[in-house]
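Raw work-v4.pdb, PDB, C-alpha atoms:
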ATOM      1  CA  MET A1318     109.090 102.302 155.078
ATOM      2  CA  ILE A1319     112.089 100.806 156.789
ATOM      3  CA  GLY A1320     115.371  99.663 155.214
ATOM      4  CA  GLU A1321     118.961 100.876 155.068
ATOM      5  CA  HIS A1322     120.830  99.101 152.252
ATOM      6  CA  PRO A1323     120.865 100.846 148.820
ATOM      7  CA  TYR A1324     119.058  97.868 147.199
ATOM      8  CA  VAL A1325     116.332  98.137 149.842
ATOM      9  CA  LYS A1326     116.147 101.914 149.494
ATOM     10  CA  TRP A1327     115.581 101.416 145.745
ATOM     11  CA  ALA A1328     112.757  98.940 146.470
ATOM     12  CA  ILE A1329     111.220 101.424 148.934
ATOM     13  CA  GLU A1330     111.412 104.261 146.388
ATOM     14  CA  VAL A1331     109.675 102.035 143.833
ATOM     15  CA  ILE A1332     106.943 100.900 146.241
ATOM     16  CA  GLU A1333     106.217 104.404 147.521
ATOM     17  CA  ASN A1334     105.916 105.803 143.986
ATOM     18  CA  TYR A1335     103.690 102.957 142.881
ATOM     19  CA  VAL A1336     101.434 102.747 145.944
ATOM     20  CA  LYS A1337     100.988 106.521 146.311
ATOM     21  CA  HIS A1338     100.908 107.605 142.654
ATOM     22  CA  ARG A1339     100.573 104.419 140.526
ATOM     23  CA  ARG A1340     103.822 105.504 138.880
ATOM     24  CA  ILE A1341     106.418 102.961 137.696
ATOM     25  CA  ILE A1342     109.772 104.697 138.008
ATOM     26  CA  GLU A1343     112.896 104.028 135.987
ATOM     27  CA  PRO A1344     116.274 103.139 137.504
ATOM     28  CA  HIS A1345     118.388 106.269 137.909
ATOM     29  CA  GLU A1346     122.016 107.381 138.245
ATOM     30  CA  GLY A1347     121.826 107.524 142.043
ATOM     31  CA  LEU A1348     121.657 103.730 142.261
ATOM     32  CA  PRO A1349     124.721 101.549 142.843
ATOM     33  CA  LYS A1350     126.514 100.781 139.582
ATOM     34  CA  GLU A1351     126.295  97.005 140.118
ATOM     35  CA  LEU A1352     122.487  97.126 139.881
ATOM     36  CA  PHE A1353     122.927  97.965 136.196
ATOM     37  CA  GLU A1354     125.693  95.417 135.579
ATOM     38  CA  ARG A1355     124.375  92.362 137.396
ATOM     39  CA  ARG A1356     121.643  89.896 136.489
ATOM     40  CA  ALA A1357     120.141  87.666 139.181
ATOM     41  CA  GLY A1358     116.841  86.442 140.493
ATOM     42  CA  CYS A1359     115.621  88.266 143.578
ATOM     43  CA  PHE A1360     112.797  88.359 146.081
ATOM     44  CA  VAL A1361     111.345  91.434 147.733
ATOM     45  CA  THR A1362     109.776  90.680 151.109
ATOM     46  CA  LEU A1363     107.561  93.031 153.105
ATOM     47  CA  HIS A1364     106.908  92.610 156.832
ATOM     48  CA  ASN A1365     104.761  94.667 159.156
ATOM     49  CA  THR A1366     106.625  96.149 162.118
ATOM     50  CA  ASP A1367     105.109  93.393 164.304
ATOM     51  CA  GLY A1368     107.043  90.866 162.186
ATOM     52  CA  SER A1369     104.079  89.459 160.274
ATOM     53  CA  LEU A1370     104.478  88.867 156.544
ATOM     54  CA  ARG A1371     102.841  91.505 154.317
ATOM     55  CA  GLY A1372     104.017  90.383 150.868
ATOM     56  CA  CYS A1373     106.741  88.430 149.117
ATOM     57  CA  ILE A1374     107.248  88.028 145.388
ATOM     58  CA  GLY A1375     110.321  87.207 143.383
ATOM     59  CA  THR A1376     112.096  85.413 140.613
ATOM     60  CA  PHE A1377     114.375  82.409 141.111
ATOM     61  CA  MET A1378     116.382  83.322 138.022
ATOM     62  CA  PRO A1379     116.714  86.645 136.205
ATOM     63  CA  VAL A1380     113.946  87.640 133.823
ATOM     64  CA  ARG A1381     114.867  91.319 133.364
ATOM     65  CA  GLU A1382     117.904  92.968 131.802
ATOM     66  CA  ASN A1383     119.516  93.822 135.136
ATOM     67  CA  LEU A1384     119.066  93.680 138.895
ATOM     68  CA  ALA A1385     117.683  97.235 139.081
ATOM     69  CA  TYR A1386     114.677  96.206 136.965
ATOM     70  CA  GLU A1387     114.409  92.834 138.726
ATOM     71  CA  ILE A1388     114.110  94.576 142.114
ATOM     72  CA  ARG A1389     111.724  97.197 140.714
ATOM     73  CA  ASP A1390     109.287  94.723 139.226
ATOM     74  CA  ASN A1391     109.357  92.386 142.236
ATOM     75  CA  ALA A1392     108.895  95.315 144.647
ATOM     76  CA  ILE A1393     105.742  96.384 142.813
ATOM     77  CA  ALA A1394     104.484  92.799 142.712
ATOM     78  CA  ALA A1395     105.211  92.163 146.418
ATOM     79  CA  SER A1396     103.308  95.288 147.415
ATOM     80  CA  THR A1397     100.331  94.878 145.082
ATOM     81  CA  ARG A1398     100.030  91.366 143.635
ATOM     82  CA  ASP A1399     100.844  88.808 146.342
ATOM     83  CA  PRO A1400      97.651  86.702 146.213
ATOM     84  CA  ARG A1401      97.782  86.104 149.978
ATOM     85  CA  PHE A1402      97.263  89.788 150.816
ATOM     86  CA  PRO A1403      95.351  92.848 149.624
ATOM     87  CA  PRO A1404      97.467  95.522 147.915
ATOM     88  CA  VAL A1405      99.486  97.738 150.270
ATOM     89  CA  GLN A1406      97.739 101.047 150.923
ATOM     90  CA  PRO A1407      99.484 104.420 151.368
ATOM     91  CA  TYR A1408      98.621 104.586 155.085
ATOM     92  CA  GLU A1409     100.568 101.335 155.683
ATOM     93  CA  LEU A1410     103.875 102.478 154.195
ATOM     94  CA  ASP A1411     105.413 103.872 157.401
ATOM     95  CA  ASN A1412     104.993 100.505 159.127
ATOM     96  CA  ILE A1413     106.494  98.178 156.523
ATOM     97  CA  ILE A1414     109.991  96.693 156.678
ATOM     98  CA  VAL A1415     111.535  95.756 153.319
ATOM     99  CA  ASN A1416     114.138  93.066 152.586
ATOM    100  CA  VAL A1417     115.718  92.233 149.237
ATOM    101  CA  ASP A1418     117.176  88.748 148.711
ATOM    102  CA  VAL A1419     119.453  88.286 145.694
ATOM    103  CA  LEU A1420     119.640  84.618 144.704
ATOM    104  CA  SER A1421     122.668  82.649 143.593
ATOM    105  CA  PRO A1422     122.248  80.314 140.617
ATOM    106  CA  TYR A1423     120.538  77.143 141.812
ATOM    107  CA  GLU A1424     122.155  73.713 141.696
ATOM    108  CA  PRO A1425     120.791  70.155 141.948
ATOM    109  CA  VAL A1426     120.741  68.391 145.307
ATOM    110  CA  ARG A1427     121.818  64.755 145.304
ATOM    111  CA  SER A1428     121.140  64.124 149.002
ATOM    112  CA  ILE A1429     119.110  66.027 151.579
ATOM    113  CA  ALA A1430     122.219  65.791 153.768
ATOM    114  CA  GLU A1431     123.529  68.694 151.621
ATOM    115  CA  LEU A1432     120.723  70.953 152.841
ATOM    116  CA  ASP A1433     120.545  73.374 155.750
ATOM    117  CA  PRO A1434     117.371  75.497 155.994
ATOM    118  CA  LYS A1435     119.283  78.356 157.617
ATOM    119  CA  LYS A1436     121.887  78.504 154.815
ATOM    120  CA  TYR A1437     120.130  77.283 151.652
ATOM    121  CA  GLY A1438     116.853  78.051 149.997
ATOM    122  CA  ILE A1439     115.295  75.240 148.001
ATOM    123  CA  ILE A1440     113.277  74.681 144.871
ATOM    124  CA  VAL A1441     111.273  71.480 144.562
ATOM    125  CA  GLN A1442     110.096  70.540 141.095
ATOM    126  CA  LYS A1443     108.029  67.854 139.428
ATOM    127  CA  GLY A1444     107.169  68.470 135.795
ATOM    128  CA  TRP A1445     105.830  72.012 135.552
ATOM    129  CA  ARG A1446     105.085  72.232 139.283
ATOM    130  CA  ARG A1447     107.648  74.186 141.253
ATOM    131  CA  GLY A1448     107.814  75.504 144.817
ATOM    132  CA  LEU A1449     110.487  77.744 146.304
ATOM    133  CA  LEU A1450     111.338  78.527 149.897
ATOM    134  CA  LEU A1451     113.939  81.115 150.847
ATOM    135  CA  PRO A1452     116.546  80.237 153.488
ATOM    136  CA  ASP A1453     116.491  81.292 157.118
ATOM    137  CA  ILE A1454     112.722  81.607 157.441
ATOM    138  CA  GLU A1455     111.461  82.004 160.999
ATOM    139  CA  GLY A1456     109.845  78.768 162.184
ATOM    140  CA  VAL A1457     111.492  76.599 159.511
ATOM    141  CA  ASP A1458     114.196  74.796 161.450
ATOM    142  CA  THR A1459     114.536  71.415 159.737
ATOM    143  CA  VAL A1460     115.217  70.225 156.210
ATOM    144  CA  GLU A1461     112.079  68.090 156.362
ATOM    145  CA  GLU A1462     109.914  71.097 157.243
ATOM    146  CA  GLN A1463     111.519  73.157 154.469
ATOM    147  CA  ILE A1464     110.819  70.427 151.895
ATOM    148  CA  ARG A1465     107.255  69.914 153.184
ATOM    149  CA  ILE A1466     106.421  73.614 152.794
ATOM    150  CA  ALA A1467     108.039  73.890 149.341
ATOM    151  CA  LYS A1468     106.139  70.780 148.168
ATOM    152  CA  LEU A1469     102.881  72.231 149.490
ATOM    153  CA  LYS A1470     103.521  75.497 147.619
ATOM    154  CA  ALA A1471     104.163  73.489 144.435
ATOM    155  CA  GLY A1472     101.178  71.189 144.846
ATOM    156  CA  ILE A1473     103.436  68.120 144.922
ATOM    157  CA  PHE A1474     101.958  65.359 147.068
ATOM    158  CA  ASP A1475     104.265  62.395 146.493
ATOM    159  CA  ASP A1476     107.967  61.792 146.964
ATOM    160  CA  ASP A1477     108.924  61.805 143.275
ATOM    161  CA  PHE A1478     110.439  65.266 142.726
ATOM    162  CA  GLU A1479     113.733  67.056 142.146
ATOM    163  CA  ILE A1480     115.366  69.397 144.669
ATOM    164  CA  TYR A1481     117.644  72.339 143.919
ATOM    165  CA  LYS A1482     119.439  74.580 146.398
ATOM    166  CA  PHE A1483     120.613  78.175 146.317
ATOM    167  CA  THR A1484     121.999  80.817 148.642
ATOM    168  CA  VAL A1485     120.897  84.414 149.051
ATOM    169  CA  GLU A1486     122.477  87.740 149.799
ATOM    170  CA  ARG A1487     119.915  89.287 152.168
ATOM    171  CA  TYR A1488     119.735  93.067 152.305
ATOM    172  CA  LYS A1489     117.801  94.990 154.950
TER     173      LYS A1489
END
Mind turning this structure into structure tokens?
Amino acid sequence: MIGEHPYVKWAIEVIENYVKHRRIIEPHEGLPKELFERRAGCFVTLHNTDGSLRGCIGTFMPVRENLAYEIRDNAIAASTRDPRFPPVQPYELDNIIVNVDVLSPYEPVRSIAELDPKKYGIIVQKGWRRGLLLPDIEGVDTVEEQIRIAKLKAGIFDDDFEIYKFTVERYK
């Protein structure tokens, strides 16, 4: 698996242990201290070396006690439970690139003029329906396209919805 940043190396360690041995490992002392001190939503994204998406699962706000557990659980989910793909198999591991996106708290958008699909991710919401799109996604170049995709993910088909924006720290 490919990735250099300590957060990504942690995700890789988790995925390799789970995919090869079905073992869920615990955070350990070798991890950066801030992983134990910080709470944030995060997404773990897997790409094949040809650039195609292989899995992406995350949380838009923290649900675990710290970022180490947040990354761990989302890494396992991205590699085994993304409904768009079959679970990652051991033979695939050498050809997967891992990214970890740590999300800022989200804030309401009053005007789409505030948005920039390269800088901000968005959440669209209507009632219990919610769709999220990370920022700086290849092929998503306009605010309108970003909103259209997020609405589609949420199953929102009219123009009565709320929009929230957030930034990410992207680690490779």
So what does the PyMOL selection byres ((chain A and resi 1463-1472) around 9) actually pick up in this one, as a PDB file with C-alpha atoms, in the frame of the given file?
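Saved the output as expr.pdb:
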ATOM      1  CA  PRO A1434     117.371  75.497 155.994  1.00  0.00           C
ATOM      2  CA  GLY A1438     116.853  78.051 149.997  1.00  0.00           C
ATOM      3  CA  ILE A1439     115.295  75.240 148.001  1.00  0.00           C
ATOM      4  CA  ILE A1440     113.277  74.681 144.871  1.00  0.00           C
ATOM      5  CA  VAL A1441     111.273  71.480 144.562  1.00  0.00           C
ATOM      6  CA  GLN A1442     110.096  70.540 141.095  1.00  0.00           C
ATOM      7  CA  LYS A1443     108.029  67.854 139.428  1.00  0.00           C
ATOM      8  CA  ARG A1446     105.085  72.232 139.283  1.00  0.00           C
ATOM      9  CA  ARG A1447     107.648  74.186 141.253  1.00  0.00           C
ATOM     10  CA  GLY A1448     107.814  75.504 144.817  1.00  0.00           C
ATOM     11  CA  LEU A1449     110.487  77.744 146.304  1.00  0.00           C
ATOM     12  CA  LEU A1450     111.338  78.527 149.897  1.00  0.00           C
ATOM     13  CA  PRO A1452     116.546  80.237 153.488  1.00  0.00           C
ATOM     14  CA  VAL A1457     111.492  76.599 159.511  1.00  0.00           C
ATOM     15  CA  ASP A1458     114.196  74.796 161.450  1.00  0.00           C
ATOM     16  CA  THR A1459     114.536  71.415 159.737  1.00  0.00           C
ATOM     17  CA  VAL A1460     115.217  70.225 156.210  1.00  0.00           C
ATOM     18  CA  GLU A1461     112.079  68.090 156.362  1.00  0.00           C
ATOM     19  CA  GLU A1462     109.914  71.097 157.243  1.00  0.00           C
ATOM     20  CA  ILE A1473     103.436  68.120 144.922  1.00  0.00           C
ATOM     21  CA  PHE A1474     101.958  65.359 147.068  1.00  0.00           C
ATOM     22  CA  ASP A1475     104.265  62.395 146.493  1.00  0.00           C
ATOM     23  CA  PHE A1478     110.439  65.266 142.726  1.00  0.00           C
ATOM     24  CA  ILE A1480     115.366  69.397 144.669  1.00  0.00           C
TER      25      ILE A1480
END
To one decimal in Å, tell me the separation between atom CA of A:Phe1377 and atom CA of A:Glu1333.
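Interatomic distance here is 24.3 Å.
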Given the file above and the PyMOL selection byres ((chain A and resi 1398-1411) around 9), which residues are selected, and can you give them as an NGL selection string?
:A and (1318-1319 or 1332-1333 or 1336-1337 or 1365 or 1371-1374 or 1393-1397 or 1412-1414)
So that I can check the surroundings of stretch 1382-1389 of chain A, please list as a PyMOL selection string every protein, DNA and RNA residue that reaches within 12 Å of it, counting all atoms listed in the file and ignoring chain neighbours fewer than 3 positions away.
chain A and resi 1323-1335+1340-1362+1373-1379+1392-1396+1415-1420+1488
Straight-line distance linking atom CA of A:Gly1368 with atom CA of A:Glu1321, stated in Å to one decimal
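It comes out at 17.1 Å.
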Atom pair atom CA of A:Asp1453 / atom CA of A:Lys1436: separation (Å)
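We find that atom CA of A:Asp1453 and atom CA of A:Lys1436 lie 6.5 Å from each other.
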Top pick for closest residue to A:Asp1433, considering A:Glu1455, A:Val1380, A:Trp1445, A:Lys1482 and counting only C-alpha atoms
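Looking at the shortest contact to A:Asp1433, the residue is A:Lys1482.
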Which residue gives the smallest distance to A:Lys1435 among A:Leu1363, A:Ser1421, A:Gly1320, A:Ile1454, with all atoms listed in the file counted?
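For A:Lys1435, the nearest of the candidates is A:Ile1454.
Among A:Gly1444, A:His1338, A:Glu1479, A:Arg1487, the residue with the shortest atom-to-atom distance to A:Glu1424, counting all atoms listed in the file, is A:Glu1479.
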